[in-house]
Structures are given as C-alpha cells and as structure tokens.
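So this block is query-v2.cif, mmCIF, C-alpha atoms and all ligand atoms:
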data_target
loop_
_atom_site.group_PDB
_atom_site.id
_atom_site.type_symbol
_atom_site.label_atom_id
_atom_site.label_comp_id
_atom_site.auth_asym_id
_atom_site.auth_seq_id
_atom_site.Cartn_x
_atom_site.Cartn_y
_atom_site.Cartn_z
ATOM 1 C CA MET P 1 -26.020 -16.667 -24.729
ATOM 2 C CA GLU P 2 -22.425 -17.170 -23.642
ATOM 3 C CA ILE P 3 -18.955 -17.025 -25.157
ATOM 4 C CA ILE P 4 -15.862 -18.709 -23.746
ATOM 5 C CA PHE P 5 -12.687 -16.922 -24.789
ATOM 6 C CA LYS P 6 -8.990 -16.601 -24.161
ATOM 7 C CA GLN P 7 -7.117 -13.344 -23.761
ATOM 8 C CA ASN P 8 -5.887 -13.433 -27.390
ATOM 9 C CA GLU P 9 -9.505 -13.539 -28.604
ATOM 10 C CA ILE P 10 -10.576 -10.492 -26.642
ATOM 11 C CA LYS P 11 -10.683 -8.198 -29.678
ATOM 12 C CA GLU P 12 -13.331 -10.321 -31.399
ATOM 13 C CA VAL P 13 -15.270 -10.608 -28.153
ATOM 14 C CA ALA P 14 -15.226 -6.825 -27.683
ATOM 15 C CA SER P 15 -16.607 -6.257 -31.176
ATOM 16 C CA LYS P 16 -19.273 -8.904 -30.644
ATOM 17 C CA ILE P 17 -20.361 -7.121 -27.483
ATOM 18 C CA LEU P 18 -20.542 -3.803 -29.316
ATOM 19 C CA GLU P 19 -22.773 -5.394 -31.950
ATOM 20 C CA LYS P 20 -25.095 -6.398 -29.146
ATOM 21 C CA PHE P 21 -25.036 -2.908 -27.682
ATOM 22 C CA LEU P 22 -26.112 -1.564 -31.065
ATOM 23 C CA MET P 23 -29.096 -3.930 -31.140
ATOM 24 C CA HIS P 24 -30.214 -2.692 -27.752
ATOM 25 C CA SER P 25 -31.609 0.715 -28.561
ATOM 26 C CA THR P 26 -32.824 2.789 -25.656
ATOM 27 C CA PRO P 27 -34.528 6.194 -25.519
ATOM 28 C CA SER P 28 -31.795 7.439 -23.163
ATOM 29 C CA ALA P 29 -28.194 6.433 -22.392
ATOM 30 C CA LEU P 30 -27.262 2.798 -22.838
ATOM 31 C CA VAL P 31 -26.404 1.538 -19.361
ATOM 32 C CA VAL P 32 -24.365 -1.665 -19.194
ATOM 33 C CA ALA P 33 -24.033 -3.615 -15.942
ATOM 34 C CA LEU P 34 -20.708 -5.453 -16.239
ATOM 35 C CA SER P 35 -20.469 -7.892 -13.343
ATOM 36 C CA GLY P 36 -17.862 -10.494 -12.395
ATOM 37 C CA ASP P 37 -15.331 -11.267 -9.670
ATOM 38 C CA LEU P 38 -12.120 -9.334 -9.123
ATOM 39 C CA GLY P 39 -9.784 -10.118 -12.032
ATOM 40 C CA ALA P 40 -12.561 -11.513 -14.231
ATOM 41 C CA GLY P 41 -11.617 -9.041 -16.970
ATOM 42 C CA LYS P 42 -14.181 -6.232 -16.698
ATOM 43 C CA THR P 43 -11.637 -3.434 -17.084
ATOM 44 C CA THR P 44 -9.610 -5.354 -19.692
ATOM 45 C CA LEU P 45 -12.713 -5.799 -21.812
ATOM 46 C CA THR P 46 -13.728 -2.157 -21.425
ATOM 47 C CA LYS P 47 -10.225 -1.154 -22.594
ATOM 48 C CA GLU P 48 -10.611 -3.340 -25.660
ATOM 49 C CA MET P 49 -13.943 -1.700 -26.476
ATOM 50 C CA SER P 50 -12.312 1.711 -26.057
ATOM 51 C CA LYS P 51 -9.857 0.855 -28.851
ATOM 52 C CA ILE P 52 -12.764 0.164 -31.210
ATOM 53 C CA PHE P 53 -14.325 3.469 -30.146
ATOM 54 C CA GLU P 54 -11.010 5.150 -31.072
ATOM 55 C CA ILE P 55 -10.704 6.628 -27.607
ATOM 56 C CA LYS P 56 -7.327 8.324 -27.435
ATOM 57 C CA GLU P 57 -6.613 8.162 -23.704
ATOM 58 C CA ASP P 58 -5.621 5.059 -21.820
ATOM 59 C CA ILE P 59 -8.553 3.580 -19.969
ATOM 60 C CA ILE P 60 -7.499 3.260 -16.363
ATOM 61 C CA SER P 61 -9.381 1.301 -13.777
ATOM 62 C CA PRO P 62 -11.740 3.861 -12.212
ATOM 63 C CA THR P 63 -11.675 2.119 -8.812
ATOM 64 C CA PHE P 64 -10.361 5.158 -6.981
ATOM 65 C CA VAL P 65 -12.008 7.899 -9.001
ATOM 66 C CA ILE P 66 -15.301 5.940 -9.307
ATOM 67 C CA MET P 67 -16.179 7.530 -12.659
ATOM 68 C CA LYS P 68 -14.237 8.473 -15.811
ATOM 69 C CA LYS P 69 -15.525 10.020 -19.022
ATOM 70 C CA TYR P 70 -13.937 9.531 -22.462
ATOM 71 C CA ASP P 71 -14.736 10.925 -25.931
ATOM 72 C CA ILE P 72 -15.823 8.340 -28.486
ATOM 73 C CA HIS P 73 -14.324 9.312 -31.847
ATOM 74 C CA ASN P 74 -15.578 6.466 -34.009
ATOM 75 C CA LYS P 75 -18.643 7.849 -35.797
ATOM 76 C CA ASN P 76 -20.019 4.378 -36.532
ATOM 77 C CA PHE P 77 -21.444 4.369 -33.043
ATOM 78 C CA PRO P 78 -24.394 6.420 -31.808
ATOM 79 C CA TRP P 79 -22.665 7.540 -28.581
ATOM 80 C CA LYS P 80 -20.343 10.488 -28.041
ATOM 81 C CA ASN P 81 -19.125 9.596 -24.537
ATOM 82 C CA LEU P 82 -18.046 6.473 -22.749
ATOM 83 C CA ILE P 83 -18.653 6.800 -19.021
ATOM 84 C CA HIS P 84 -16.772 4.105 -17.135
ATOM 85 C CA ILE P 85 -17.891 3.592 -13.548
ATOM 86 C CA ASP P 86 -16.416 1.322 -10.886
ATOM 87 C CA ALA P 87 -18.895 1.076 -8.044
ATOM 88 C CA TYR P 88 -16.594 -1.086 -5.907
ATOM 89 C CA ARG P 89 -15.909 1.608 -3.342
ATOM 90 C CA LEU P 90 -19.445 2.957 -3.137
ATOM 91 C CA GLU P 91 -21.304 2.039 -0.010
ATOM 92 C CA LYS P 92 -24.769 3.145 -0.973
ATOM 93 C CA ASP P 93 -26.670 3.489 -4.239
ATOM 94 C CA HIS P 94 -27.295 7.168 -3.621
ATOM 95 C CA GLU P 95 -23.552 7.894 -3.776
ATOM 96 C CA LEU P 96 -23.810 7.231 -7.498
ATOM 97 C CA LEU P 97 -26.655 9.730 -7.750
ATOM 98 C CA ARG P 98 -24.450 12.318 -6.084
ATOM 99 C CA LEU P 99 -22.004 11.860 -8.975
ATOM 100 C CA GLY P 100 -24.755 12.947 -11.377
ATOM 101 C CA PHE P 101 -25.731 9.482 -12.547
ATOM 102 C CA GLU P 102 -29.364 10.359 -13.132
ATOM 103 C CA GLU P 103 -28.618 13.141 -15.624
ATOM 104 C CA LEU P 104 -25.912 11.071 -17.325
ATOM 105 C CA SER P 105 -28.269 8.142 -17.757
ATOM 106 C CA LYS P 106 -30.886 10.338 -19.454
ATOM 107 C CA ASP P 107 -28.484 11.520 -22.139
ATOM 108 C CA LYS P 108 -28.656 9.461 -25.339
ATOM 109 C CA ASP P 109 -25.067 10.495 -26.166
ATOM 110 C CA ASN P 110 -23.755 8.368 -23.297
ATOM 111 C CA LEU P 111 -22.726 4.758 -23.134
ATOM 112 C CA ILE P 112 -22.298 3.953 -19.436
ATOM 113 C CA ILE P 113 -20.417 0.840 -18.385
ATOM 114 C CA ILE P 114 -20.637 -0.021 -14.682
ATOM 115 C CA GLU P 115 -18.324 -2.461 -12.932
ATOM 116 C CA TRP P 116 -19.724 -3.912 -9.671
ATOM 117 C CA PRO P 117 -23.320 -3.015 -10.677
ATOM 118 C CA GLU P 118 -24.735 -5.161 -7.865
ATOM 119 C CA LEU P 119 -23.628 -2.426 -5.445
ATOM 120 C CA VAL P 120 -25.831 0.195 -7.134
ATOM 121 C CA LYS P 121 -28.811 -1.926 -8.114
ATOM 122 C CA GLY P 122 -31.248 0.717 -6.960
ATOM 123 C CA CYS P 123 -29.958 3.092 -9.672
ATOM 124 C CA LEU P 124 -30.450 0.640 -12.534
ATOM 125 C CA ASP P 125 -33.689 0.212 -14.438
ATOM 126 C CA SER P 126 -35.029 -2.682 -16.484
ATOM 127 C CA ASP P 127 -33.467 -1.327 -19.677
ATOM 128 C CA THR P 128 -29.970 -2.043 -18.308
ATOM 129 C CA PHE P 129 -27.959 -4.397 -20.498
ATOM 130 C CA SER P 130 -26.380 -7.015 -18.228
ATOM 131 C CA ILE P 131 -23.186 -8.917 -18.856
ATOM 132 C CA ASN P 132 -21.426 -11.285 -16.487
ATOM 133 C CA LEU P 133 -17.802 -12.376 -16.715
ATOM 134 C CA SER P 134 -16.413 -15.384 -14.890
ATOM 135 C CA HIS P 135 -13.119 -17.269 -14.584
ATOM 136 C CA ILE P 136 -12.726 -20.593 -16.314
ATOM 137 C CA ASP P 137 -8.954 -20.785 -15.876
ATOM 138 C CA GLU P 138 -6.017 -18.390 -15.824
ATOM 139 C CA GLU P 139 -6.318 -17.391 -19.495
ATOM 140 C CA THR P 140 -9.935 -18.286 -20.153
ATOM 141 C CA ARG P 141 -13.092 -16.402 -19.277
ATOM 142 C CA LYS P 142 -16.786 -16.862 -19.870
ATOM 143 C CA ILE P 143 -19.055 -14.014 -20.811
ATOM 144 C CA GLU P 144 -22.800 -14.319 -20.392
ATOM 145 C CA PHE P 145 -25.405 -11.929 -21.672
ATOM 146 C CA CYS P 146 -28.428 -11.706 -19.444
ATOM 147 C CA TYR P 147 -31.752 -10.661 -20.849
ATOM 148 C CA ASN P 148 -33.850 -8.335 -18.810
ATOM 149 C CA THR P 149 -36.507 -7.967 -21.439
ATOM 150 C CA ARG P 150 -38.095 -10.180 -24.056
ATOM 151 C CA ARG P 151 -36.890 -7.761 -26.713
ATOM 152 C CA ASP P 152 -33.224 -8.321 -25.717
ATOM 153 C CA PHE P 153 -33.730 -12.039 -25.730
ATOM 154 C CA LEU P 154 -35.235 -12.017 -29.219
ATOM 155 C CA ALA P 155 -32.430 -9.788 -30.511
ATOM 156 C CA ALA P 156 -29.835 -12.215 -29.132
ATOM 157 C CA CYS P 157 -31.621 -15.185 -30.663
ATOM 158 C CA ARG P 158 -30.948 -13.762 -34.120
ATOM 159 C CA ASP P 159 -27.397 -15.052 -33.588
ATOM 160 C CA VAL P 160 -28.449 -18.627 -32.956
ATOM 161 C CA PRO P 161 -28.010 -20.826 -36.039
ATOM 162 C CA VAL P 162 -31.294 -22.138 -37.432
ATOM 163 C CA GLY P 163 -31.881 -25.725 -36.424
ATOM 164 C CA LYS P 164 -30.035 -25.480 -33.145
ATOM 165 C CA PHE P 165 -33.261 -25.989 -31.214
ATOM 166 C CA GLU P 166 -34.768 -28.644 -33.490
ATOM 167 C CA ASN P 167 -34.750 -31.250 -30.778
ATOM 168 C CA LEU P 168 -35.893 -29.006 -28.009
ATOM 169 C CA ARG P 169 -39.056 -30.123 -26.276
ATOM 170 C CA PHE P 170 -41.042 -28.063 -23.856
ATOM 171 C CA SER P 171 -42.648 -29.775 -20.929
ATOM 172 C CA SER P 172 -45.909 -28.415 -19.632
HETATM 173 N N1 LIG M 201 -9.546 -14.216 -21.394
HETATM 174 C C1 LIG M 201 -9.247 -13.133 -20.647
HETATM 175 N N2 LIG M 201 -10.033 -12.049 -20.690
HETATM 176 C C2 LIG M 201 -9.760 -10.972 -19.934
HETATM 177 N N3 LIG M 201 -8.720 -10.865 -19.080
HETATM 178 C C3 LIG M 201 -7.918 -11.935 -18.983
HETATM 179 C C4 LIG M 201 -8.138 -13.117 -19.761
HETATM 180 N N4 LIG M 201 -7.181 -13.993 -19.451
HETATM 181 C C5 LIG M 201 -6.405 -13.409 -18.549
HETATM 182 N N5 LIG M 201 -6.815 -12.173 -18.247
HETATM 183 C C6 LIG M 201 -6.161 -11.272 -17.268
HETATM 184 O O1 LIG M 201 -7.028 -11.122 -16.148
HETATM 185 C C7 LIG M 201 -6.883 -9.827 -15.591
HETATM 186 C C8 LIG M 201 -8.225 -9.130 -15.542
HETATM 187 O O2 LIG M 201 -8.078 -7.949 -14.821
HETATM 188 P P1 LIG M 201 -9.145 -6.773 -14.853
HETATM 189 O O3 LIG M 201 -9.600 -6.542 -16.247
HETATM 190 O O4 LIG M 201 -8.561 -5.626 -14.126
HETATM 191 O O5 LIG M 201 -10.326 -7.439 -14.026
HETATM 192 P P2 LIG M 201 -11.588 -6.761 -13.309
HETATM 193 O O6 LIG M 201 -11.756 -5.371 -13.856
HETATM 194 O O7 LIG M 201 -12.734 -7.689 -13.661
HETATM 195 O O8 LIG M 201 -11.296 -6.802 -11.837
HETATM 196 C C9 LIG M 201 -5.887 -9.067 -16.458
HETATM 197 O O9 LIG M 201 -4.624 -9.143 -15.845
HETATM 198 C C10 LIG M 201 -5.906 -9.852 -17.764
HETATM 199 O O10 LIG M 201 -4.681 -9.766 -18.441
HETATM 200 MG MG MG M 202 -11.920 -3.482 -12.875
#
The structure given in the file should be rewritten as structure tokens.
Ligand SMILES: Nc1ncnc2c1ncn2[C@@H]1O[C@H](COP(=O)(O)OP(=O)(O)O)[C@@H](O)[C@H]1O
Ligand SMILES: [Mg+2]
Amino acid sequence: MEIIFKQNEIKEVASKILEKFLMHSTPSALVVALSGDLGAGKTTLTKEMSKIFEIKEDIISPTFVIMKKYDIHNKNFPWKNLIHIDAYRLEKDHELLRLGFEELSKDKDNLIIIEWPELVKGCLDSDTFSINLSHIDEETRKIEFCYNTRRDFLAACRDVPVGKFENLRFSS
C-alpha cells in the first residue's frame, strides 16, 4: 500500500501510520524500519508522530547522537517510550548492539523508529515493520508500507475498498 502526500497533509499521514502500528502487535518492542533518501522526510514524519504521542520535547534529528529516547504521554497507545535511532553514522551492525539495542527491542514498552535501517539489517528481525519514503517533487512524497509477513499484508488489506480487485486475474 502507498500514500502520496504533500507537506500540509503530513498530520493525517502520521495518524494513518500510527493506526498501522497499532495493527501490528508484537510480543516485544515494535521496531519500525523507516527508509528513504536524505531529505525524504523520515525525521519530519517522526516529529509529526511525536506530536500525536504528546511528547513534550522537540524531536531533533539523532544523526549525531545516534539514539534518543522520549516519553510517550498519550495513553491511547500501548508504548511508554519512543526510541528514535539514526543509523546513518554507524559503520557496523554491532555498533547498534553496543548501544543496548537488543534489550530495548525486547521491551514491549518501546516503539523504536530507525532511520537508515539498511545499515543495521543484521539487527532487525522479520517482525520489523518497514516503511519507505521517496521524493516525488519538492513538496510531495510517497510512503510505501512493506509487508514482511502475511499477517501484516492481511492487516493492510483491511483498508482496501471492497471491489477494488474485482477485475484482477491471476495467471498461473
Ligand atoms: N510531503 C513532505 N513530507 C515530508 N517532508 C517534506 C515534504 N515536503 C517537503 N518536505 C521537506 O523535506 C525535508 C525532509 O527533511 P528530513 O525530515 O530531515 O528528511 P530525512 O530525515 O529523511 O533526511 C524537510 O525540510 C521538509 O520540510
Ligand atoms: Mg533524518
């Protein structure tokens, strides 16, 4: 599934993404791989989600600190902490482990959003929720949800209006 949006629609997009996060229940932390080129809007989108979570601090790009932790105040969500990671400056997957990633990813109270997830692939398991952002033009971006499991795919299909696939034919 994909959504094409302009900057002034980002609030709706952020809440749509959070709905999807809620459908993706995991026994441990929810780990989100947020990929996309430089300037695609990964940090901007994370900031928008932080407003919905009623996070009080300003979300800053964690490029230099690698990892930042924020308290989620909105009790409508099952997580207590947002952990925002920017893996851009990491050279090896194990550097993320040194920051305590393994323990953090076991804790159900954590929602972990990782920018540049392709640099720490070895730390991510099949339960990771993957999102990709790409440029369409200066003000427009495309967001794609990737399904790692059949369960995610079926959950996402609940959004598709009935009848959309009426004319779809499968070839054998
Ligand atoms: N539709 C849009 N969605 C998100 N950001 C947008 C959009 N249109 C323009 N922008 C701009 O693109 C830039 C994205 O920067 P940033 O979020 O830091 O990217 P990234 O973290 O992916 O490198 C911001 O300056 C933002 O204002
Ligand atoms: Mg960023």
**Study point:** Nearby polymer residues, ligand MG 202 (chain M), at most 8 Å, only C-alpha atoms and all ligand atoms, as a count of residues only
**Key:** 11
Check your understanding: P:Met67, P:Arg89, P:Ile10, P:Val31: which is nearest Lys108 of chain P, counting all atoms listed in the file?
Key ->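 Closest candidate: P:Val31.
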Review point. Counting only C-alpha atoms and all ligand atoms, what residues are within 12 Å of ligand LIG 201 (chain M), given as a ChimeraX atom specification?
Key: /P:3-14,34-48,59-63,84-88,113-117,131-143
Write the residues of the preceding selection, restricted to C-alpha atoms, as a compact mmCIF listing (two decimals), in the coordinates of the input.
# COMPACT_ATOMS: atom_id res chain seq x y z
CA ILE P 3 -18.95 -17.02 -25.16
CA ILE P 4 -15.86 -18.71 -23.75
CA PHE P 5 -12.69 -16.92 -24.79
CA LYS P 6 -8.99 -16.60 -24.16
CA GLN P 7 -7.12 -13.34 -23.76
CA ASN P 8 -5.89 -13.43 -27.39
CA GLU P 9 -9.51 -13.54 -28.60
CA ILE P 10 -10.58 -10.49 -26.64
CA LYS P 11 -10.68 -8.20 -29.68
CA GLU P 12 -13.33 -10.32 -31.40
CA VAL P 13 -15.27 -10.61 -28.15
CA ALA P 14 -15.23 -6.82 -27.68
CA LEU P 34 -20.71 -5.45 -16.24
CA SER P 35 -20.47 -7.89 -13.34
CA GLY P 36 -17.86 -10.49 -12.40
CA ASP P 37 -15.33 -11.27 -9.67
CA LEU P 38 -12.12 -9.33 -9.12
CA GLY P 39 -9.78 -10.12 -12.03
CA ALA P 40 -12.56 -11.51 -14.23
CA GLY P 41 -11.62 -9.04 -16.97
CA LYS P 42 -14.18 -6.23 -16.70
CA THR P 43 -11.64 -3.43 -17.08
CA THR P 44 -9.61 -5.35 -19.69
CA LEU P 45 -12.71 -5.80 -21.81
CA THR P 46 -13.73 -2.16 -21.42
CA LYS P 47 -10.22 -1.15 -22.59
CA GLU P 48 -10.61 -3.34 -25.66
CA ILE P 59 -8.55 3.58 -19.97
CA ILE P 60 -7.50 3.26 -16.36
CA SER P 61 -9.38 1.30 -13.78
CA PRO P 62 -11.74 3.86 -12.21
CA THR P 63 -11.68 2.12 -8.81
CA HIS P 84 -16.77 4.11 -17.14
CA ILE P 85 -17.89 3.59 -13.55
CA ASP P 86 -16.42 1.32 -10.89
CA ALA P 87 -18.90 1.08 -8.04
CA TYR P 88 -16.59 -1.09 -5.91
CA ILE P 113 -20.42 0.84 -18.39
CA ILE P 114 -20.64 -0.02 -14.68
CA GLU P 115 -18.32 -2.46 -12.93
CA TRP P 116 -19.72 -3.91 -9.67
CA PRO P 117 -23.32 -3.02 -10.68
CA ILE P 131 -23.19 -8.92 -18.86
CA ASN P 132 -21.43 -11.28 -16.49
CA LEU P 133 -17.80 -12.38 -16.72
CA SER P 134 -16.41 -15.38 -14.89
CA HIS P 135 -13.12 -17.27 -14.58
CA ILE P 136 -12.73 -20.59 -16.31
CA ASP P 137 -8.95 -20.78 -15.88
CA GLU P 138 -6.02 -18.39 -15.82
CA GLU P 139 -6.32 -17.39 -19.50
CA THR P 140 -9.94 -18.29 -20.15
CA ARG P 141 -13.09 -16.40 -19.28
CA LYS P 142 -16.79 -16.86 -19.87
CA ILE P 143 -19.06 -14.01 -20.81
**Study point:** Residue contacts of segment 124-130 of chain P (10 Å, all atoms listed in the file) excluding same-chain residues fewer than 2 positions away, as a VMD selection string
**Key:** chain P and resid 20 to 21 24 to 35 93 102 105 112 to 114 117 to 118 120 to 122 132 144 to 149 152
Point to revise | Nearest to Glu2 of chain P, chosen from P:Lys68, P:Lys16, P:Lys56, P:Asp109, with only C-alpha atoms counted in the distances | key: P:Lys16
Point to revise | Two-atom distance - atom CA of Cys123 of chain P, atom CA of Phe53 of chain P (Å) | key: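 Result for atom CA of Cys123 of chain P versus atom CA of Phe53 of chain P: 25.8 Å, one decimal.
Counting from atom CA of Asn110 of chain P, the distance to atom CA of Asn81 of chain P is 4.9 Å.
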Exercise for review: Considering all atoms listed in the file, state which residue in the set P:Val65, P:Met49, P:Ile83, P:Leu97 is at the smallest distance from Leu111 of chain P.
Suggested key: P:Ile83
Check your understanding: By how many Å are atom CA of Leu90 of chain P and atom CA of Ile66 of chain P apart?
Key ->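 Atom CA of Leu90 of chain P sits 8.0 Å away from atom CA of Ile66 of chain P.
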Need the shell around Ile72 of chain P: protein/DNA/RNA residues with any atom at most 7 Å away, counting all atoms listed in the file. Skip same-chain ones fewer than 2 positions apart. Format as a PDB file with C-alpha atoms, in the frame of the given file?
ATOM      1  CA  PHE P  53     -14.325   3.469 -30.146  1.00  0.00           C
ATOM      2  CA  GLU P  54     -11.010   5.150 -31.072  1.00  0.00           C
ATOM      3  CA  ILE P  55     -10.704   6.628 -27.607  1.00  0.00           C
ATOM      4  CA  TYR P  70     -13.937   9.531 -22.462  1.00  0.00           C
ATOM      5  CA  ASN P  74     -15.578   6.466 -34.009  1.00  0.00           C
ATOM      6  CA  TRP P  79     -22.665   7.540 -28.581  1.00  0.00           C
ATOM      7  CA  LYS P  80     -20.343  10.488 -28.041  1.00  0.00           C
ATOM      8  CA  ASN P  81     -19.125   9.596 -24.537  1.00  0.00           C
ATOM      9  CA  LEU P  82     -18.046   6.473 -22.749  1.00  0.00           C
TER      10      LEU P  82
END
Could you add N, CA and C atoms to segment 65-95 of chain P and give me the result as a PDB file, in the frame of the given file?
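Below is the file that was written, out-v5.pdb:
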ATOM      1  N   VAL P  65     -11.300   6.672  -8.630  1.00  0.00           N
ATOM      2  CA  VAL P  65     -12.008   7.899  -9.001  1.00  0.00           C
ATOM      3  C   VAL P  65     -13.507   7.646  -9.183  1.00  0.00           C
ATOM      4  N   ILE P  66     -13.906   6.384  -9.130  1.00  0.00           N
ATOM      5  CA  ILE P  66     -15.301   5.940  -9.307  1.00  0.00           C
ATOM      6  C   ILE P  66     -15.796   6.109 -10.756  1.00  0.00           C
ATOM      7  N   MET P  67     -15.599   7.311 -11.340  1.00  0.00           N
ATOM      8  CA  MET P  67     -16.179   7.530 -12.659  1.00  0.00           C
ATOM      9  C   MET P  67     -15.204   8.267 -13.580  1.00  0.00           C
ATOM     10  N   LYS P  68     -15.094   7.799 -14.830  1.00  0.00           N
ATOM     11  CA  LYS P  68     -14.237   8.473 -15.811  1.00  0.00           C
ATOM     12  C   LYS P  68     -15.025   8.634 -17.106  1.00  0.00           C
ATOM     13  N   LYS P  69     -14.791   9.759 -17.786  1.00  0.00           N
ATOM     14  CA  LYS P  69     -15.525  10.020 -19.022  1.00  0.00           C
ATOM     15  C   LYS P  69     -14.533  10.148 -20.176  1.00  0.00           C
ATOM     16  N   TYR P  70     -14.826   9.498 -21.297  1.00  0.00           N
ATOM     17  CA  TYR P  70     -13.937   9.531 -22.462  1.00  0.00           C
ATOM     18  C   TYR P  70     -14.731   9.912 -23.710  1.00  0.00           C
ATOM     19  N   ASP P  71     -14.079  10.588 -24.661  1.00  0.00           N
ATOM     20  CA  ASP P  71     -14.736  10.925 -25.931  1.00  0.00           C
ATOM     21  C   ASP P  71     -14.653   9.747 -26.893  1.00  0.00           C
ATOM     22  N   ILE P  72     -15.791   9.390 -27.463  1.00  0.00           N
ATOM     23  CA  ILE P  72     -15.823   8.340 -28.486  1.00  0.00           C
ATOM     24  C   ILE P  72     -15.645   9.023 -29.844  1.00  0.00           C
ATOM     25  N   HIS P  73     -14.587   8.647 -30.565  1.00  0.00           N
ATOM     26  CA  HIS P  73     -14.324   9.312 -31.847  1.00  0.00           C
ATOM     27  C   HIS P  73     -14.889   8.566 -33.042  1.00  0.00           C
ATOM     28  N   ASN P  74     -15.089   7.270 -32.889  1.00  0.00           N
ATOM     29  CA  ASN P  74     -15.578   6.466 -34.009  1.00  0.00           C
ATOM     30  C   ASN P  74     -17.048   6.800 -34.291  1.00  0.00           C
ATOM     31  N   LYS P  75     -17.288   7.370 -35.473  1.00  0.00           N
ATOM     32  CA  LYS P  75     -18.643   7.849 -35.797  1.00  0.00           C
ATOM     33  C   LYS P  75     -19.608   6.731 -36.206  1.00  0.00           C
ATOM     34  N   ASN P  76     -19.115   5.494 -36.223  1.00  0.00           N
ATOM     35  CA  ASN P  76     -20.019   4.378 -36.532  1.00  0.00           C
ATOM     36  C   ASN P  76     -20.904   4.018 -35.349  1.00  0.00           C
ATOM     37  N   PHE P  77     -20.647   4.655 -34.239  1.00  0.00           N
ATOM     38  CA  PHE P  77     -21.444   4.369 -33.043  1.00  0.00           C
ATOM     39  C   PHE P  77     -22.310   5.573 -32.693  1.00  0.00           C
ATOM     40  N   PRO P  78     -23.481   5.307 -32.084  1.00  0.00           N
ATOM     41  CA  PRO P  78     -24.394   6.420 -31.808  1.00  0.00           C
ATOM     42  C   PRO P  78     -24.035   7.226 -30.560  1.00  0.00           C
ATOM     43  N   TRP P  79     -22.991   6.833 -29.829  1.00  0.00           N
ATOM     44  CA  TRP P  79     -22.665   7.540 -28.581  1.00  0.00           C
ATOM     45  C   TRP P  79     -21.462   8.462 -28.748  1.00  0.00           C
ATOM     46  N   LYS P  80     -21.481   9.547 -27.997  1.00  0.00           N
ATOM     47  CA  LYS P  80     -20.343  10.488 -28.041  1.00  0.00           C
ATOM     48  C   LYS P  80     -19.406  10.281 -26.859  1.00  0.00           C
ATOM     49  N   ASN P  81     -19.942   9.746 -25.750  1.00  0.00           N
ATOM     50  CA  ASN P  81     -19.125   9.596 -24.537  1.00  0.00           C
ATOM     51  C   ASN P  81     -19.215   8.177 -23.986  1.00  0.00           C
ATOM     52  N   LEU P  82     -18.054   7.705 -23.537  1.00  0.00           N
ATOM     53  CA  LEU P  82     -18.046   6.473 -22.749  1.00  0.00           C
ATOM     54  C   LEU P  82     -17.856   6.902 -21.299  1.00  0.00           C
ATOM     55  N   ILE P  83     -18.795   6.519 -20.451  1.00  0.00           N
ATOM     56  CA  ILE P  83     -18.653   6.800 -19.021  1.00  0.00           C
ATOM     57  C   ILE P  83     -18.363   5.462 -18.351  1.00  0.00           C
ATOM     58  N   HIS P  84     -17.201   5.366 -17.750  1.00  0.00           N
ATOM     59  CA  HIS P  84     -16.772   4.105 -17.135  1.00  0.00           C
ATOM     60  C   HIS P  84     -16.837   4.275 -15.620  1.00  0.00           C
ATOM     61  N   ILE P  85     -17.675   3.463 -14.998  1.00  0.00           N
ATOM     62  CA  ILE P  85     -17.891   3.592 -13.548  1.00  0.00           C
ATOM     63  C   ILE P  85     -17.427   2.317 -12.857  1.00  0.00           C
ATOM     64  N   ASP P  86     -16.747   2.468 -11.726  1.00  0.00           N
ATOM     65  CA  ASP P  86     -16.416   1.322 -10.886  1.00  0.00           C
ATOM     66  C   ASP P  86     -17.074   1.569  -9.537  1.00  0.00           C
ATOM     67  N   ALA P  87     -18.111   0.818  -9.262  1.00  0.00           N
ATOM     68  CA  ALA P  87     -18.895   1.076  -8.044  1.00  0.00           C
ATOM     69  C   ALA P  87     -18.325   0.375  -6.810  1.00  0.00           C
ATOM     70  N   TYR P  88     -17.163  -0.258  -6.976  1.00  0.00           N
ATOM     71  CA  TYR P  88     -16.594  -1.086  -5.907  1.00  0.00           C
ATOM     72  C   TYR P  88     -16.495  -0.371  -4.563  1.00  0.00           C
ATOM     73  N   ARG P  89     -16.119   0.897  -4.598  1.00  0.00           N
ATOM     74  CA  ARG P  89     -15.909   1.608  -3.342  1.00  0.00           C
ATOM     75  C   ARG P  89     -17.143   2.383  -2.856  1.00  0.00           C
ATOM     76  N   LEU P  90     -18.243   2.252  -3.586  1.00  0.00           N
ATOM     77  CA  LEU P  90     -19.445   2.957  -3.137  1.00  0.00           C
ATOM     78  C   LEU P  90     -20.142   2.122  -2.075  1.00  0.00           C
ATOM     79  N   GLU P  91     -20.628   2.791  -1.059  1.00  0.00           N
ATOM     80  CA  GLU P  91     -21.304   2.039  -0.010  1.00  0.00           C
ATOM     81  C   GLU P  91     -22.816   2.018  -0.182  1.00  0.00           C
ATOM     82  N   LYS P  92     -23.317   3.053  -0.803  1.00  0.00           N
ATOM     83  CA  LYS P  92     -24.769   3.145  -0.973  1.00  0.00           C
ATOM     84  C   LYS P  92     -25.102   3.582  -2.396  1.00  0.00           C
ATOM     85  N   ASP P  93     -26.235   3.127  -2.883  1.00  0.00           N
ATOM     86  CA  ASP P  93     -26.670   3.489  -4.239  1.00  0.00           C
ATOM     87  C   ASP P  93     -26.675   4.999  -4.460  1.00  0.00           C
ATOM     88  N   HIS P  94     -27.109   5.728  -3.413  1.00  0.00           N
ATOM     89  CA  HIS P  94     -27.295   7.168  -3.621  1.00  0.00           C
ATOM     90  C   HIS P  94     -25.977   7.902  -3.854  1.00  0.00           C
ATOM     91  N   GLU P  95     -24.844   7.253  -3.504  1.00  0.00           N
ATOM     92  CA  GLU P  95     -23.552   7.894  -3.776  1.00  0.00           C
ATOM     93  C   GLU P  95     -23.339   8.059  -5.279  1.00  0.00           C
TER      94      GLU P  95
END
